[in-house]
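Visitor: For reference, this is final.cif, and it has mmCIF, C-alpha atoms.
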data_upload
loop_
_atom_site.label_atom_id
_atom_site.label_comp_id
_atom_site.auth_asym_id
_atom_site.auth_seq_id
_atom_site.Cartn_x
_atom_site.Cartn_y
_atom_site.Cartn_z
CA MET D 1 -7.29 28.92 48.25
CA THR D 2 -10.06 26.67 47.00
CA ASP D 3 -9.77 23.93 44.41
CA HIS D 4 -12.53 23.83 41.80
CA VAL D 5 -12.74 20.78 39.57
CA SER D 6 -14.49 21.29 36.23
CA SER D 7 -15.24 18.33 34.00
CA ALA D 8 -15.83 18.40 30.28
CA TRP D 9 -15.91 15.94 27.43
CA THR D 10 -13.20 15.72 24.83
CA VAL D 11 -12.83 13.62 21.68
CA THR D 12 -9.78 11.36 21.58
CA THR D 13 -8.41 8.46 19.58
CA ARG D 14 -5.86 7.38 22.17
CA THR D 15 -6.27 4.00 23.83
CA ARG D 16 -4.58 2.33 26.76
CA GLY D 17 -1.93 0.83 24.49
CA THR D 18 -1.19 3.93 22.40
CA SER D 19 2.14 4.74 24.10
CA VAL D 20 3.28 1.13 23.88
CA ALA D 21 2.26 0.99 20.23
CA ILE D 22 4.27 4.13 19.43
CA ALA D 23 7.35 2.66 21.11
CA LEU D 24 6.90 -0.65 19.28
CA ILE D 25 6.53 1.07 15.91
CA ALA D 26 9.64 3.16 16.57
CA VAL D 27 11.66 0.04 17.39
CA VAL D 28 10.46 -1.71 14.23
CA ILE D 29 11.40 1.30 12.08
CA VAL D 30 14.89 1.56 13.59
CA ALA D 31 15.40 -2.19 13.18
CA GLY D 32 14.20 -1.94 9.60
CA PHE D 33 16.80 0.66 8.66
CA ALA D 34 19.53 -1.28 10.47
CA THR D 35 18.73 -4.66 8.89
CA PRO D 36 21.07 -4.32 5.85
CA PHE D 37 24.06 -4.01 8.21
CA PHE D 38 23.73 -7.61 9.35
CA ALA D 39 21.24 -9.44 7.09
CA PRO D 40 22.21 -11.38 3.94
CA ARG D 41 21.04 -10.35 0.49
CA ALA D 42 18.25 -12.95 0.37
CA VAL D 43 16.67 -11.47 3.49
CA ILE D 44 16.87 -7.95 2.04
CA GLN D 45 15.13 -9.12 -1.13
CA ASP D 46 12.40 -10.83 0.89
CA LEU D 47 11.86 -7.72 3.00
CA PHE D 48 11.70 -5.61 -0.16
CA PHE D 49 8.95 -7.89 -1.45
CA ILE D 50 7.04 -7.65 1.85
CA LEU D 51 7.29 -3.85 1.97
CA THR D 52 6.21 -3.26 -1.63
CA MET D 53 3.27 -5.66 -1.29
CA LEU D 54 2.36 -3.90 1.97
CA VAL D 55 2.22 -0.52 0.21
CA LEU D 56 0.06 -1.95 -2.58
CA ALA D 57 -2.22 -3.55 0.01
CA GLN D 58 -2.54 -0.31 1.98
CA CYS D 59 -3.53 1.53 -1.21
CA TRP D 60 -6.15 -1.07 -2.13
CA ASN D 61 -7.43 -1.08 1.44
CA LEU D 62 -7.77 2.70 1.32
CA LEU D 63 -9.90 2.34 -1.80
CA ALA D 64 -12.05 -0.64 -0.80
CA GLY D 65 -11.98 -0.53 2.99
CA TYR D 66 -12.44 3.20 3.49
CA ALA D 67 -13.91 4.55 0.25
CA GLY D 68 -15.96 1.54 -0.82
CA LEU D 69 -14.21 1.40 -4.22
CA VAL D 70 -13.54 -2.27 -4.97
CA SER D 71 -11.00 -2.15 -7.80
CA VAL D 72 -9.64 -5.21 -9.61
CA GLY D 73 -7.54 -3.14 -11.95
CA GLN D 74 -4.82 -1.65 -9.77
CA GLN D 75 -2.28 -3.47 -11.94
CA ALA D 76 -2.90 -0.69 -14.47
CA PHE D 77 -1.04 1.78 -12.24
CA VAL D 78 1.67 -0.70 -11.26
CA GLY D 79 2.43 -1.44 -14.91
CA PHE D 80 2.03 2.10 -16.20
CA GLY D 81 4.27 3.51 -13.49
CA ALA D 82 6.88 0.84 -14.21
CA TYR D 83 6.79 1.47 -17.97
CA ALA D 84 7.03 5.23 -17.46
CA MET D 85 10.11 4.63 -15.31
CA PHE D 86 11.64 2.40 -18.01
CA ALA D 87 10.93 5.00 -20.68
CA ALA D 88 12.54 7.75 -18.59
CA VAL D 89 15.68 5.67 -17.99
CA SER D 90 16.04 3.88 -21.33
CA LEU D 91 14.82 6.56 -23.73
CA LEU D 92 15.56 9.81 -21.87
CA GLY D 93 18.64 8.76 -19.90
CA MET D 94 17.25 9.78 -16.52
CA ASP D 95 18.57 8.52 -13.22
CA PRO D 96 16.39 5.63 -11.93
CA LEU D 97 15.59 7.45 -8.68
CA LEU D 98 14.16 10.42 -10.57
CA ALA D 99 12.46 8.01 -12.95
CA ILE D 100 10.60 6.42 -10.01
CA VAL D 101 9.00 9.80 -9.34
CA ILE D 102 8.15 10.08 -13.04
CA GLY D 103 6.49 6.67 -12.81
CA GLY D 104 4.30 7.79 -9.92
CA LEU D 105 3.31 11.02 -11.67
CA ALA D 106 2.53 9.08 -14.86
CA ALA D 107 0.19 6.81 -12.91
CA LEU D 108 -1.44 9.89 -11.40
CA VAL D 109 -1.98 11.36 -14.87
CA LEU D 110 -3.46 8.06 -16.06
CA SER D 111 -5.87 8.00 -13.12
CA VAL D 112 -7.52 11.29 -14.13
CA PRO D 113 -9.24 10.09 -17.35
CA THR D 114 -9.84 6.62 -15.88
CA ALA D 115 -11.59 8.16 -12.86
CA PHE D 116 -13.84 10.10 -15.24
CA PHE D 117 -14.85 6.76 -16.76
CA VAL D 118 -15.10 4.39 -13.79
CA PHE D 119 -16.90 6.81 -11.47
CA ARG D 120 -19.86 6.58 -13.81
CA LEU D 121 -20.13 2.93 -12.75
CA GLN D 122 -21.29 1.43 -9.48
CA GLY D 123 -20.63 -1.80 -7.58
CA ALA D 124 -19.57 -4.74 -9.70
CA TYR D 125 -19.57 -2.58 -12.81
CA PHE D 126 -16.94 -0.35 -11.21
CA ALA D 127 -14.74 -3.37 -10.51
CA ILE D 128 -15.12 -4.69 -14.06
CA GLY D 129 -14.45 -1.23 -15.46
CA THR D 130 -11.13 -0.95 -13.64
CA TRP D 131 -10.07 -4.36 -14.99
CA VAL D 132 -11.02 -3.38 -18.55
CA ILE D 133 -8.93 -0.21 -18.29
CA ALA D 134 -5.95 -2.22 -17.07
CA GLU D 135 -6.24 -4.57 -20.04
CA VAL D 136 -6.47 -1.66 -22.48
CA VAL D 137 -3.33 -0.10 -21.01
CA ARG D 138 -1.51 -3.46 -21.12
CA LEU D 139 -2.40 -4.10 -24.76
CA SER D 140 -1.43 -0.54 -25.70
CA LEU D 141 2.00 -0.73 -24.08
CA ALA D 142 2.59 -4.15 -25.63
CA GLN D 143 2.75 -2.32 -28.96
CA TRP D 144 5.53 0.01 -27.79
CA LYS D 145 8.44 -1.35 -29.82
CA ALA D 146 10.99 1.02 -28.28
CA LEU D 147 10.50 -0.81 -24.97
CA GLY D 148 10.48 -4.31 -26.40
CA GLY D 149 6.84 -4.66 -27.39
CA GLY D 150 5.21 -7.83 -26.10
CA THR D 151 8.49 -9.44 -25.02
CA GLY D 152 9.65 -6.56 -22.84
CA THR D 153 13.08 -5.10 -22.23
CA SER D 154 15.77 -4.56 -19.58
CA LEU D 155 17.23 -1.44 -18.06
CA PRO D 156 20.48 -0.23 -19.67
CA SER D 157 23.58 -1.92 -18.29
CA GLY D 158 24.88 -0.05 -15.26
CA ALA D 159 21.79 2.15 -14.85
CA THR D 160 21.00 0.90 -11.35
CA ARG D 161 24.69 0.62 -10.41
CA ASP D 162 25.09 4.36 -10.95
CA MET D 163 22.10 5.34 -8.81
CA PRO D 164 22.87 7.85 -6.04
CA GLY D 165 23.86 6.04 -2.88
CA VAL D 166 24.73 2.69 -4.45
CA ARG D 167 28.49 3.21 -4.46
CA LEU D 168 28.37 4.69 -0.96
CA VAL D 169 26.48 1.64 0.33
CA ALA D 170 28.86 -0.70 -1.48
CA ASP D 171 31.87 0.94 0.17
CA LEU D 172 30.23 1.29 3.59
CA LEU D 173 28.96 -2.29 3.86
CA HIS D 174 31.67 -3.87 1.71
CA VAL D 175 29.21 -5.48 -0.72
CA ARG D 176 29.07 -5.83 -4.49
CA GLY D 177 27.14 -3.46 -6.74
CA PRO D 178 24.00 -5.63 -7.23
CA GLN D 179 23.64 -6.18 -3.50
CA ALA D 180 24.15 -2.47 -2.84
CA THR D 181 21.38 -1.75 -5.36
CA ASP D 182 19.07 -4.13 -3.50
CA ILE D 183 19.85 -2.36 -0.23
CA VAL D 184 19.11 1.09 -1.67
CA CYS D 185 15.84 -0.20 -3.16
CA TYR D 186 14.97 -1.80 0.19
CA TRP D 187 15.53 1.47 2.08
CA LEU D 188 13.39 3.29 -0.49
CA ALA D 189 10.64 0.71 -0.05
CA LEU D 190 10.86 1.10 3.74
CA VAL D 191 10.55 4.89 3.48
CA LEU D 192 7.65 4.53 1.04
CA ALA D 193 5.85 2.14 3.40
CA ILE D 194 6.36 4.43 6.42
CA VAL D 195 5.18 7.52 4.53
CA THR D 196 2.19 5.69 3.03
CA ILE D 197 0.98 4.33 6.36
CA GLY D 198 1.63 7.68 8.05
CA LEU D 199 -0.33 9.63 5.44
CA ILE D 200 -3.25 7.18 5.49
CA TYR D 201 -3.34 7.34 9.29
CA ARG D 202 -3.28 11.13 9.21
CA LEU D 203 -6.02 11.21 6.56
CA LEU D 204 -8.29 8.88 8.50
CA ARG D 205 -7.93 10.97 11.67
CA SER D 206 -8.80 14.19 9.84
CA LYS D 207 -12.17 15.70 8.92
CA GLN D 208 -11.65 14.36 5.41
CA GLY D 209 -11.35 10.89 6.92
CA LEU D 210 -14.70 11.31 8.65
CA GLY D 211 -16.20 12.42 5.36
CA LEU D 212 -14.68 9.40 3.63
CA ALA D 213 -16.25 7.02 6.14
CA ALA D 214 -19.58 8.79 5.78
CA VAL D 215 -19.50 8.44 1.99
CA ARG D 216 -18.62 4.75 2.28
CA ASP D 217 -21.47 4.03 4.71
CA ASN D 218 -24.21 6.18 3.18
CA ARG D 219 -23.55 8.37 0.18
CA GLU D 220 -26.82 10.31 0.30
CA ALA D 221 -26.61 10.95 4.03
CA ALA D 222 -23.03 12.20 3.59
CA ARG D 223 -24.14 14.57 0.85
CA SER D 224 -26.88 15.94 3.10
CA LEU D 225 -24.21 16.79 5.67
CA GLY D 226 -22.18 18.77 3.17
CA VAL D 227 -19.71 16.08 2.09
CA ASP D 228 -19.05 15.88 -1.66
CA PRO D 229 -18.96 12.12 -2.42
CA LEU D 230 -17.48 12.52 -5.90
CA TRP D 231 -14.62 14.78 -4.76
CA THR D 232 -13.88 12.59 -1.73
CA LYS D 233 -13.70 9.36 -3.71
CA SER D 234 -11.79 11.01 -6.56
CA PHE D 235 -9.15 12.31 -4.15
CA VAL D 236 -8.62 8.84 -2.65
CA TYR D 237 -8.54 7.24 -6.11
CA LEU D 238 -5.90 9.67 -7.35
CA VAL D 239 -3.73 9.29 -4.23
CA ALA D 240 -3.90 5.50 -4.45
CA ALA D 241 -2.91 5.64 -8.12
CA LEU D 242 0.08 7.90 -7.37
CA VAL D 243 1.43 5.66 -4.60
CA THR D 244 0.73 2.49 -6.59
CA GLY D 245 2.61 3.93 -9.56
CA LEU D 246 5.58 4.84 -7.36
CA THR D 247 5.59 1.31 -5.97
CA GLY D 248 5.40 -0.26 -9.42
CA ALA D 249 8.30 1.86 -10.64
CA LEU D 250 10.38 0.95 -7.58
CA ILE D 251 9.63 -2.76 -7.98
CA TYR D 252 10.87 -2.73 -11.56
CA VAL D 253 13.96 -0.72 -10.74
CA GLN D 254 14.89 -3.61 -8.49
CA LYS D 255 13.87 -6.23 -11.08
CA ALA D 256 15.61 -4.30 -13.91
CA ARG D 257 13.48 -6.09 -16.52
CA ILE D 258 9.89 -5.59 -17.61
CA SER D 259 7.28 -7.14 -19.89
CA PRO D 260 3.56 -6.36 -20.33
CA ASP D 261 2.41 -9.70 -18.91
CA ALA D 262 4.55 -9.31 -15.78
CA ALA D 263 3.91 -5.60 -15.17
CA PHE D 264 0.13 -5.96 -15.61
CA SER D 265 -0.23 -9.35 -13.90
CA VAL D 266 -3.63 -9.69 -12.24
CA PRO D 267 -2.50 -12.37 -9.74
CA ASP D 268 0.70 -10.59 -8.72
CA TRP D 269 -0.57 -7.04 -8.30
CA THR D 270 -4.30 -7.39 -7.60
CA ALA D 271 -5.39 -10.91 -6.57
CA TYR D 272 -2.60 -11.34 -4.02
CA VAL D 273 -3.14 -7.81 -2.74
CA ILE D 274 -6.86 -8.45 -2.22
CA PHE D 275 -6.02 -11.70 -0.44
CA ILE D 276 -3.60 -9.88 1.87
CA VAL D 277 -6.21 -7.29 2.84
CA VAL D 278 -9.03 -9.81 3.27
CA ILE D 279 -7.15 -12.20 5.56
CA GLY D 280 -5.54 -9.39 7.53
CA GLY D 281 -8.61 -7.26 7.98
CA ILE D 282 -10.19 -4.82 5.54
CA GLY D 283 -10.84 -1.33 6.81
CA THR D 284 -7.91 -1.31 9.24
CA ILE D 285 -4.33 -0.10 8.85
CA GLU D 286 -3.04 -3.06 10.84
CA GLY D 287 -4.89 -5.60 8.67
CA PRO D 288 -2.63 -5.38 5.60
CA ILE D 289 0.45 -5.57 7.86
CA VAL D 290 -0.77 -8.85 9.35
CA GLY D 291 -1.99 -10.06 5.97
CA VAL D 292 1.29 -9.51 4.15
CA ILE D 293 3.21 -11.40 6.83
CA VAL D 294 0.79 -14.35 6.65
CA PHE D 295 0.91 -14.28 2.85
CA TYR D 296 4.71 -14.32 2.82
CA ILE D 297 4.83 -17.26 5.22
CA LEU D 298 2.28 -19.23 3.22
CA GLN D 299 4.05 -18.44 -0.04
CA ASN D 300 7.32 -19.82 1.27
CA LEU D 301 5.73 -22.90 2.85
CA LEU D 302 3.46 -23.86 -0.04
CA ALA D 303 5.05 -22.44 -3.20
CA ASP D 304 6.45 -25.86 -4.18
CA TYR D 305 2.95 -27.34 -4.40
CA GLY D 306 2.05 -25.54 -7.63
CA SER D 307 -1.68 -25.18 -8.28
CA LEU D 308 -2.48 -26.62 -4.83
CA TYR D 309 -0.80 -23.54 -3.36
CA LEU D 310 -3.26 -21.24 -5.14
CA LEU D 311 -6.14 -23.53 -4.19
CA PHE D 312 -5.13 -23.33 -0.52
CA LEU D 313 -4.92 -19.53 -0.64
CA GLY D 314 -8.38 -19.35 -2.16
CA LEU D 315 -9.81 -21.76 0.41
CA LEU D 316 -8.22 -19.82 3.27
CA GLY D 317 -9.62 -16.57 1.91
CA ILE D 318 -13.13 -18.06 1.74
CA LEU D 319 -12.90 -19.42 5.30
CA ILE D 320 -11.75 -16.04 6.60
CA MET D 321 -14.61 -14.25 4.86
CA LEU D 322 -17.14 -16.75 6.24
CA PHE D 323 -15.97 -17.10 9.84
CA ALA D 324 -13.89 -13.96 10.44
CA PRO D 325 -15.16 -11.29 8.04
CA ARG D 326 -13.15 -8.63 9.88
CA GLY D 327 -9.93 -10.57 9.21
CA LEU D 328 -7.30 -11.91 11.56
CA TRP D 329 -6.48 -8.51 13.00
CA GLY D 330 -10.17 -7.76 13.48
CA VAL D 331 -10.59 -10.91 15.58
CA PHE D 332 -7.49 -10.11 17.62
CA ALA D 333 -8.42 -6.46 18.16
CA SER D 334 -12.01 -7.25 19.20
CA ARG D 335 -10.79 -9.70 21.84
CA SER D 336 -7.79 -7.77 23.13
CA GLY D 337 -8.84 -4.16 22.59
CA ILE D 338 -5.36 -3.41 21.20
CA GLN D 339 -4.99 -0.95 18.32
CA LEU D 340 -1.65 0.05 16.86
CA PHE D 341 -3.21 2.82 14.75
CA PRO D 342 -6.36 3.96 16.59
CA ILE D 343 -8.65 6.03 14.43
CA ARG D 344 -11.99 5.48 16.18
CA ARG D 345 -13.05 8.64 17.96
CA MET D 346 -14.20 8.27 21.57
CA LEU D 347 -15.58 10.62 24.18
CA ALA D 348 -13.39 10.93 27.24
CA ALA D 349 -13.94 12.93 30.40
CA ARG D 350 -11.47 15.77 30.88
CA THR D 351 -10.86 17.05 34.37
CA ASP D 352 -9.18 20.42 34.95
CA THR D 353 -8.18 21.68 38.37
CA LYS D 354 -8.21 25.43 39.04
CA ASN D 355 -7.05 27.31 42.10
CA ASP D 356 -8.86 30.41 43.31
#
Could you express the structure from this file as structure tokens?

Guide:
Amino acid sequence: MTDHVSSAWTVTTRTRGTSVAIALIAVVIVAGFATPFFAPRAVIQDLFFILTMLVLAQCWNLLAGYAGLVSVGQQAFVGFGAYAMFAAVSLLGMDPLLAIVIGGLAALVLSVPTAFFVFRLQGAYFAIGTWVIAEVVRLSLAQWKALGGGTGTSLPSGATRDMPGVRLVADLLHVRGPQATDIVCYWLALVLAIVTIGLIYRLLRSKQGLGLAAVRDNREAARSLGVDPLWTKSFVYLVAALVTGLTGALIYVQKARISPDAAFSVPDWTAYVIFIVVIGGIGTIEGPIVGVIVFYILQNLLADYGSLYLLFLGLLGILIMLFAPRGLWGVFASRSGIQLFPIRRMLAARTDTKND
């Protein structure tokens, strides 16, 4: 018997820390689902905020970091999804959980005509166009008297208390109805964050992900290789709108009150999201995770300083862009070589042993 060793090259995305990263992510997910069993309500509310902002940041990062679509009007889908959810619950009597899905689908429907408009624009004009659309939607919904007009409205009394799972959670954890509602919303936000990150990771590792990167880097070169830039960017835009609408609807199920100014707030749903992505690291899945944690810490430490708090966030964002344009995670990853979600394709030698 003779051993013959044949070597070949294979494409892989695995790194030295891939197995450790998978184990770490699994532990975080398990701990996330178990948190309501021992954490107080305030912690659950804070985690809900972190998770929903993370999903919004991942969606914006998918647009800007991977598709090159810098939008400053994502609040259009947050607000429209939230208002669609309110309409389904208040006017049609739907269960809030089903209404969240309606909110996401409504945002998806809204994104179709808006994509037709904004994709005719490039660069800064695209960004301005998305903001204009958001303002048009906000002003239009402010005239909807059935949902409170410009002053807004609240969900019907008991609507969230009767959601599926709320009474079960209340009995299981021995908590009151409002706290049980927060826990159910938190678990939904956790599932939404896991699914969003998982789908983005899967997309970026696929052939469509390669096409997306090619379109971002050089549109004409991508077209010459058979990639349709318009279809690729449209697909990402529609997916981001759907997930953003779902997130907006979920946020306002937990808030139980809505108004046009709050639902379409530029600072809350776009400026903060951009800040999270920039300081964490644009064009990486890990970046928004790091960014949302830093943002939450800064918000709690500096919120009492009023306008100085916003000034500090702006200054920090400028410093990051000047001295660490790849963000905090980019600096860490370049020095350590660690990647929690590796998507860069590398050639690796494959050795097969055969016996004759």

Visitor: Separation of CA of Gly93 in chain D and CA of Tyr252 in chain D, in Å?

Guide: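 The value is 16.2 Å.
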
Visitor: Do you have, as JSON lines, the list of residues of range 232-333 of chain D lying at most 12 Å from range 216-219 of chain D, each with its nearest atom pair and that distance in Å to one decimal, counting all atoms listed in the file and ordered by chain then number?

Guide:
{"residue": "D:Thr232", "atom": "CA", "partner": "D:Arg216", "partner_atom": "CA", "distance": 10.0}
{"residue": "D:Lys233", "atom": "CA", "partner": "D:Arg216", "partner_atom": "CA", "distance": 9.0}
{"residue": "D:Val236", "atom": "CA", "partner": "D:Arg216", "partner_atom": "CA", "distance": 11.9}
{"residue": "D:Gly283", "atom": "CA", "partner": "D:Arg216", "partner_atom": "CA", "distance": 10.9}

Visitor: D:Phe80, D:Tyr305, D:Trp131, D:Phe116: which is nearest Gly248 in chain D, counting only C-alpha atoms?

Guide: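 Closest candidate: D:Phe80.
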
Visitor: Would you pick out the contacts of Val137 in chain D at 9 Å or less, using all atoms listed in the file, so that residues sharing its chain but fewer than 6 positions from it are not included, and give the list as JSON, numbers by chain?

Guide: {"D": [76, 79, 80, 264]}

Visitor: Of the candidates D:Leu97, D:Ile197, D:Leu225, D:Leu141, which one gets nearest to Leu210 in chain D if we count only C-alpha atoms?

Guide: D:Leu225

Visitor: Spell out the residues picked by the PyMOL selection byres ((chain D and resi 251) around 10) here, as number ranges by chain.

Guide: D: 48-49, 52-53, 78, 81-82, 100, 185-186, 189, 245-250, 252-257, 263

Visitor: Smallest atom-to-atom distance to Gly73 in chain D: which of D:Trp329, D:Trp231, D:Phe126, D:Tyr309, using all atoms listed in the file?

Guide: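 Under the stated criterion, the closest residue is D:Phe126.
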
Visitor: Between D:Gln75, D:Ser154, D:Ser336, D:Ser90, which has the minimum distance to Ala271 in chain D (counting only C-alpha atoms)?

Guide: D:Gln75

Visitor: Which is closest to Val273 in chain D among D:Ala21, D:Leu190, D:Ala64, D:Leu139, if we use all atoms listed in the file?

Guide: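 Among the listed residues, the smallest separation from Val273 in chain D belongs to D:Ala64.
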
Visitor: Which residue out of D:Ala134, D:Ala57, D:Leu188, D:Leu308 has the minimum interatomic distance to Phe275 in chain D when all atoms listed in the file are used?

Guide: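 For Phe275 in chain D, the nearest of the given residues is D:Ala57.
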
Visitor: Can you tell me which residues surround range 157-160 of chain D at a distance of at most 8 Å, considering all atoms listed in the file, apart from same-chain residues fewer than 2 positions away, and format the answer as number ranges by chain?

Guide: D: 89, 95-96, 155, 162-163, 181, 253, 256

Visitor: Would you list the contacts of Ala146 in chain D as a list in words, taking every protein, DNA or RNA residue within 9 Å and counting all atoms listed in the file, but skipping same-chain residues closer than 4 positions in sequence?

Guide: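 Contacts, in chain order: Ala87, Leu91 and Thr153 of chain D.
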
Visitor: Is it possible to get the residues within 9 Å of (-7.0, -1.3, -0.4) (coordinates as in the file, counting only C-alpha atoms) written as a list in words?

Guide: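 Residues with an atom at most 9 Å from (-7.0, -1.3, -0.4): Leu56, Ala57, Gln58, Cys59, Trp60, Asn61, Leu62, Leu63, Ala64, Gly65, Tyr66, Leu69, Val70, Ser71, Ala240, Val273, Ile274, Val277, Ile282, Gly283 and Pro288 of chain D.
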
Visitor: What separation in Å, quoted to one decimal, exists between CA of Pro229 in chain D and CA of Ser111 in chain D?

Guide: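 We find that CA of Pro229 in chain D and CA of Ser111 in chain D lie 17.4 Å from each other.
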
Visitor: In Å, with one decimal, what is the gap from CA of Ile258 in chain D to CA of Ala88 in chain D?

Guide: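 Going from CA of Ile258 in chain D over to CA of Ala88 in chain D covers 13.6 Å.
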
Visitor: I need the residue set behind the PyMOL selection byres ((chain D and resi 45) around 10) for this file; please write it as number ranges by chain.

Guide: D: 40-44, 46-51, 179, 182-183, 185-186, 254

Visitor: Find the smallest box with edges along x, y and z containing every listed atom of range 172-188 of chain D, then add 3 Å on each side and report centre and edge lengths in Å to one decimal, as lines of an AutoDock Vina configuration file.

Guide:
center_x = 22.5
center_y = -1.4
center_z = -1.7
size_x = 24.3
size_y = 15.5
size_z = 17.1

Visitor: Contacts of Ala241 in chain D at 8 Å or less, counting all atoms listed in the file, minus same-chain residues fewer than 2 places along, as a list in words?

Guide: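 Once the nearby chain positions are removed, what remains is Gln74, Phe77, Gly104, Ala107, Leu108, Ser111, Tyr237, Leu238, Val239, Val243, Thr244 and Gly245 of chain D.
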